[in-house]
Amino acid sequence: MSDLRQPPEPHSAAVGEQPALQGGEPSAGAQSREEASPVGRLAATVARLRQEVRAAQAEADGRALIELAKGILVERLGCGPAQASRQLAELTAQAGVTPLEFAVEVINQASRDRLSEVTSAFLAATADPSAGRTATADPSAGRTAADPADGHSSAVRLRAAESGALAAEDTQAVADSLLEHALTPLGAEAVAIWALGADGSLTLAGSAGFAPAEAGRWRHVPPGVTTVARRGLTERTGQWIRSLSETGLPSIGQHHHSDGGRVAVPAEAGGRIHGVLEIAWPAPLESPPAAIVRQVEALAELCAHTLETYALHHPDGAPAPRVLPDVTELMDLADGLHDPALVLVPHLGPDGRLVDFRIHHVNSRFLDPAGRPRGVVSGALLLEAYPMAAGQSELFERVERVYATGEPFRAHRMRLTALVDDVQLAAVADINVSRHGGSVLLIWRIEDETARLASLLQHAQRLGRIGGFEENLLTGEITWNGQLFHLYGKPASEPPVPLEDLPAHAHPDDAVAIGRFLRTVLHQRRPASTAFRLQRPDGVTRHLRVVAEPVLDSAGQLYVLRGAYQDISAHHWTEVALSATRDQLAHTEQEASERDRLTLQLQHAIMPPAQAPLEVPGLDLAVRYRPAETQHLVGGDWYDAVVLPSRLVLLCVGDVAGHGIEAATSMVVLRNALRGLAVTGAGPGQLLSWLNMVAHHLTGAVTATAVCGLYDPEHNTLRWARAGHLPPVLVRGSDAAPLPLVKGLLLGAVPETTYEEHEVQLAAEDTLLMYTDGLIERRDRSVEESLAQFLTVARAVPPTLDQQLDRLLTHSRSDTDDDTCIVGIRVA
């Protein structure tokens with residue numbers, strides 16, 4: 001009868017070959033991956049419901065025969081009803097017939113020998129001869145090598161391994177049988193079977209190929225310790241590790257088998273993970289073929305049935321039978337909870353795999369997100385009652401994971417969506433999922449509007465540092481919230497302070513304001529507010545604002561006072577700091593205004609904006625000065641036009657670097673120094689050399705630019721020199737061009753320097769313009785571009801020189817808001 005205990009599908013042990021699947025059906029791993037997706041689960045649920053409706057009538061007549069066949073398997077195999085049902089489903093699937101047809105065959109062949117023959121024939125019919133090769137260990141490669149053999153060798157090995165496992169008395173014997181019949185031909189050298197505890201711990205239930213001392217050290221792995229076996233619990237397909245030494249993970253036999261490959265596959269049956277099957281290879285494990293993967297998965301499932309059937313043992317050898325709570329006890333536990341709770345039991349498909357959960361019980365506090373009564377939800381499948389659980393919220397996947405591993409799941413504010421009459425109804429809830437034996441307890445606490453608003457109000461009071469109170473004047477009962485105790489610096493165990501006793505806790509200087517506030521509320525019965533300084537018991541003084549309103553009864557009598565305190569200390573000190581800052585800014589602005597006013601007075605005293613024209617025979621002379629519009633930009637631009645004792649005319653413009661009173665005073669020094677030096681009769685180059693020494697030594701190393709010229713009215717000639725300044729512009733007829741750019745360093749840069757002179761002969765109607773950069777300078781253009789625009793305006797010669805200078809100021813495109821000086825002469 002051992003042939004009746006075969007796994008669902010014989011697997012080839014050949015390495016590097018892909019056995020053909022029966023009838024083109026996808027493998028179990030592929031089906032699991034498809035069903036794991038939310039769309040796949042919903043599609044499977046819809047398809048199953050349609051199939052159940054069509055097959056319900058047809059199966060009704062055959063159920064008695066199927067139950068009879070199960071009883072025969074129970075008798076022949078010596079197993080329980082659940083295992084007999086799984087064996088019947090597996091053999092039916094392998095035979096490719098309906099459960100009813102196979103049940104009839106089992107009943108007709110009730111004898112032991114004939115039943116074994118029928119089972120063997122069914123198994124042989126499902127084997128793929130083209131894929132059958134016996135795998136022998138290749139010590140040099142550390143992996144399996146194909147060895148020609150009988151096409152059914154893989155199925156024979158699996159049948160032998162399963163027969164040995166089912167006949168074994170404990171999990172240690174199961175491990176010995178797996179290593180001997182199934183894993184050694186694949187090249188493996190050791191195997192460990194781990195049992196998963198309810199607390200997440202791992203217990204070594206059986207091992208083979210490892211030293212006894214090593215097995216003793218790894219008898220128990222506490223929860224939370226990351227090992228190869230625990231990594232195998234995270235994925236359905238398990239962990240396939242090329243070399244244990246490359247990962248650095250601890251595991252059984254890590255010193256003697258460190259260079260070899262490792263495989264850790266979850267032992268799952270009926271959607272529940274009972275442990276882990278860990279296999280060790282002597283050499284690095286390359287990517288295994290699909291046939292080997294399916295064989296290992298089949299062995300892991302066999303271990304799951306073994307761990308489910310047999311009891312574990314403590315290290316001392318005493319049996320420790322697994323005691324699981326009954327579903328009735330879980331129902332009683334759910335009824336005792338104050339939150340809505342569901343008791344879920346697994347719902348398995350014909351192949352023994354978990355496809356859904358049946359809502360076995362709902363407690364009396366159950367609150368459906370869609371508003372449905374308890375009777376509609378109780379007894380339904382989870383995906384039927386809540387099809388959206390497999391989609392947006394992933395609730396179904398969470399429940400499935402808890403059932404598989406036993407690890408509880410908790411989530412705060414998970415969004416639950418229910419589909420009612422094709423309308424999505426959403427709710428927010430706190431979720432708690434835990435496994436109890438073979439059932440799952442799902443608890444959700446739906447957040448209602450009242451609780452949400454209360455929580456929002458509590459956080460708002462905390463952030464705003466607001467404490468509320470209510471005082472019943474008839475009973476003397478006073479209610480404070482926790483924030484108000486915190487504001488007062490009092491523990492919650494002390495009695496609250498009545499509103500009438502407020503003056504005793506406030507600063508004495510605030511007694512008048514508090515008295516006015518109390519009279520308004522208590523006697524005039526009108527809402528009022530006031531600010532005061534609270535003196536707390538810990539010596540800290542806080543600035544508070546209290547707001548209160550009286551509540552009158554139907555007879556118009558005052559019986560309740562309610563209101564709130566708010567800590568405004570931060571606001572008070574912010575106002576104090578702002579007031580001090582405003583005072584400081586006002587003082588600074590006043591000082592700056594006074595400084596600018598003095599600067600302008602000094603500048604206008606030395607160089608007034610309007611000046612009487614000079615009387616020079618045969619020469620028209622005009623000057624213009626435009627100060628900066630912004631007072632703090634008052635600069636050091638200056639000009640001078642004076643007739644010297646030699647009858648020559650001194651013409652000059654300059655610009656001192658910087659702004660403010662320092663630039664203005666430096667301008668005065670240079671202007672007066674040049675006027676005094678000019679009486680010596682020296683030329684413009686020598687005058688600028690002397691002025692450079694003045695700027696460098698006598699004015700605190702100030703720097704400036706300047707143009708200095710001496711005009712001879714008798715010969716109509718102009719000798720000029722420049723110190724880093726723009727050259728004068730000569731307007732002759734309809735042409736305007738700057739004079740040649742002679743060499744000359746700006747004033748004050750070096751102690752001594754020489755300046756080159758140039759002489760120009762002026763003709764009748766010629767106009768010569770000297771100016772500072774405030775007339776042409778722009779931030780968005782170069783000096784060359786600004787000068788070209790200035791020459792375009794200068795070519796238009798009005799009748800008088802004054803009109804031409806005014807035109808130049810009017811059409812100036814300068815945007816620097818700097819001082820501007822212009823000196824112009826026109827030969828009559």
# chains A, B, ... in the order shown; residues from 1 in each chain; ligands from 1
>>> residues_around(residues="Glu477 in chain A", least_positions_apart="5", cutoff="10 Å", atoms="only C-alpha atoms", output="ChimeraX atom specification")
/A:470-472,496,498,560
>>> select_by_dssp(residues="range 454-483 of chain A", states="strand (DSSP E or B)", output="number ranges by chain")
A: 466-472, 478-480
>>> residues_around(residues="range 780-789 of chain A", least_positions_apart="3", cutoff="12 Å", atoms="only C-alpha atoms", output="ChimeraX atom specification")
/A:725-729,736-738,771-777,792-795,808,811-816
>>> residues_around(residues="range 208-217 of chain A", least_positions_apart="4", cutoff="10 Å", atoms="only C-alpha atoms", output="PyMOL selection string")
chain A and resi 172-180+188-193+204+221+252-257+279-280+315
>>> residues_around(residues="range 406-410 of chain A", least_positions_apart="5", cutoff="12 Å", atoms="only C-alpha atoms", output="ChimeraX atom specification")
/A:196-201,223-224,233-234,271-275,395-401,429-445
>>> residues_around(residues="Ala663 in chain A", least_positions_apart="5", cutoff="8 Å", atoms="only C-alpha atoms", output="JSON, numbers by chain")
{"A": [635, 636, 656, 657, 658]}
>>> write_last_selection(atoms="C-alpha atoms", output="PDB file, in the first residue's frame")
ATOM      1  CA  GLY A 635      28.883 109.769  -4.250  1.00  0.00           C
ATOM      2  CA  GLY A 636      32.069 111.655  -4.989  1.00  0.00           C
ATOM      3  CA  VAL A 656      35.849 109.301  -6.190  1.00  0.00           C
ATOM      4  CA  ALA A 657      35.272 105.589  -5.516  1.00  0.00           C
ATOM      5  CA  GLY A 658      32.499 104.820  -3.022  1.00  0.00           C
TER       6      GLY A 658
END
>>> residues_around(residues="Leu691 in chain A", least_positions_apart="6", cutoff="8 Å", atoms="only C-alpha atoms", output="list in words")
Leu670, Ala673, Leu674 and Leu747 of chain A
>>> write_last_selection(atoms="all heavy atoms", output="mmCIF file, in the first residue's frame")
data_model
loop_
_atom_site.group_PDB
_atom_site.id
_atom_site.type_symbol
_atom_site.label_atom_id
_atom_site.label_comp_id
_atom_site.auth_asym_id
_atom_site.auth_seq_id
_atom_site.Cartn_x
_atom_site.Cartn_y
_atom_site.Cartn_z
ATOM 1 N N LEU A 670 40.141 116.619 -3.186
ATOM 2 C CA LEU A 670 40.766 116.553 -4.506
ATOM 3 C C LEU A 670 40.404 117.766 -5.351
ATOM 4 O O LEU A 670 41.251 118.322 -6.084
ATOM 5 C CB LEU A 670 40.344 115.261 -5.210
ATOM 6 C CG LEU A 670 40.813 113.943 -4.583
ATOM 7 C CD1 LEU A 670 40.332 112.757 -5.411
ATOM 8 C CD2 LEU A 670 42.326 113.906 -4.445
ATOM 9 N N ALA A 673 42.329 120.731 -4.032
ATOM 10 C CA ALA A 673 43.764 120.572 -4.266
ATOM 11 C C ALA A 673 44.112 120.853 -5.720
ATOM 12 O O ALA A 673 45.122 121.513 -6.025
ATOM 13 C CB ALA A 673 44.202 119.165 -3.872
ATOM 14 N N LEU A 674 43.288 120.369 -6.656
ATOM 15 C CA LEU A 674 43.567 120.619 -8.066
ATOM 16 C C LEU A 674 43.448 122.104 -8.410
ATOM 17 O O LEU A 674 44.253 122.650 -9.195
ATOM 18 C CB LEU A 674 42.604 119.791 -8.927
ATOM 19 C CG LEU A 674 42.797 119.907 -10.440
ATOM 20 C CD1 LEU A 674 44.211 119.466 -10.843
ATOM 21 C CD2 LEU A 674 41.746 119.093 -11.185
ATOM 22 N N LEU A 747 43.878 107.791 -9.961
ATOM 23 C CA LEU A 747 44.510 108.498 -8.854
ATOM 24 C C LEU A 747 44.516 107.639 -7.595
ATOM 25 O O LEU A 747 43.531 106.972 -7.264
ATOM 26 C CB LEU A 747 43.776 109.820 -8.586
ATOM 27 C CG LEU A 747 43.678 110.809 -9.759
ATOM 28 C CD1 LEU A 747 42.794 111.989 -9.367
ATOM 29 C CD2 LEU A 747 45.060 111.273 -10.188
#
>>> atom_distance(atom1="CA of Pro645 in chain A", atom2="CA of Val679 in chain A")
6.9 Å
>>> atom_distance(atom1="CA of Asp819 in chain A", atom2="CA of Ala592 in chain A")
18.8 Å
>>> closest_residue(among="A:Leu42, A:Arg533, A:Gly676, A:Thr237", to="Ala290 in chain A", atoms="only C-alpha atoms")
A:Thr237
>>> closest_residue(among="A:Leu619, A:Arg732, A:Asp339, A:Leu344", to="Phe366 in chain A", atoms="only C-alpha atoms")
A:Asp339
>>> select_by_dssp(residues="range 405-614 of chain A", states="helix (DSSP H, G or I)", output="PyMOL selection string")
chain A and resi 405+449-464+482-488+499-505+508-523+569-606
>>> atom_distance(atom1="CA of Leu299 in chain A", atom2="CA of Leu202 in chain A")
18.7 Å
>>> closest_residue(among="A:Gly468, A:Leu677, A:Asp596, A:His697", to="Gly748 in chain A", atoms="only C-alpha atoms")
A:His697
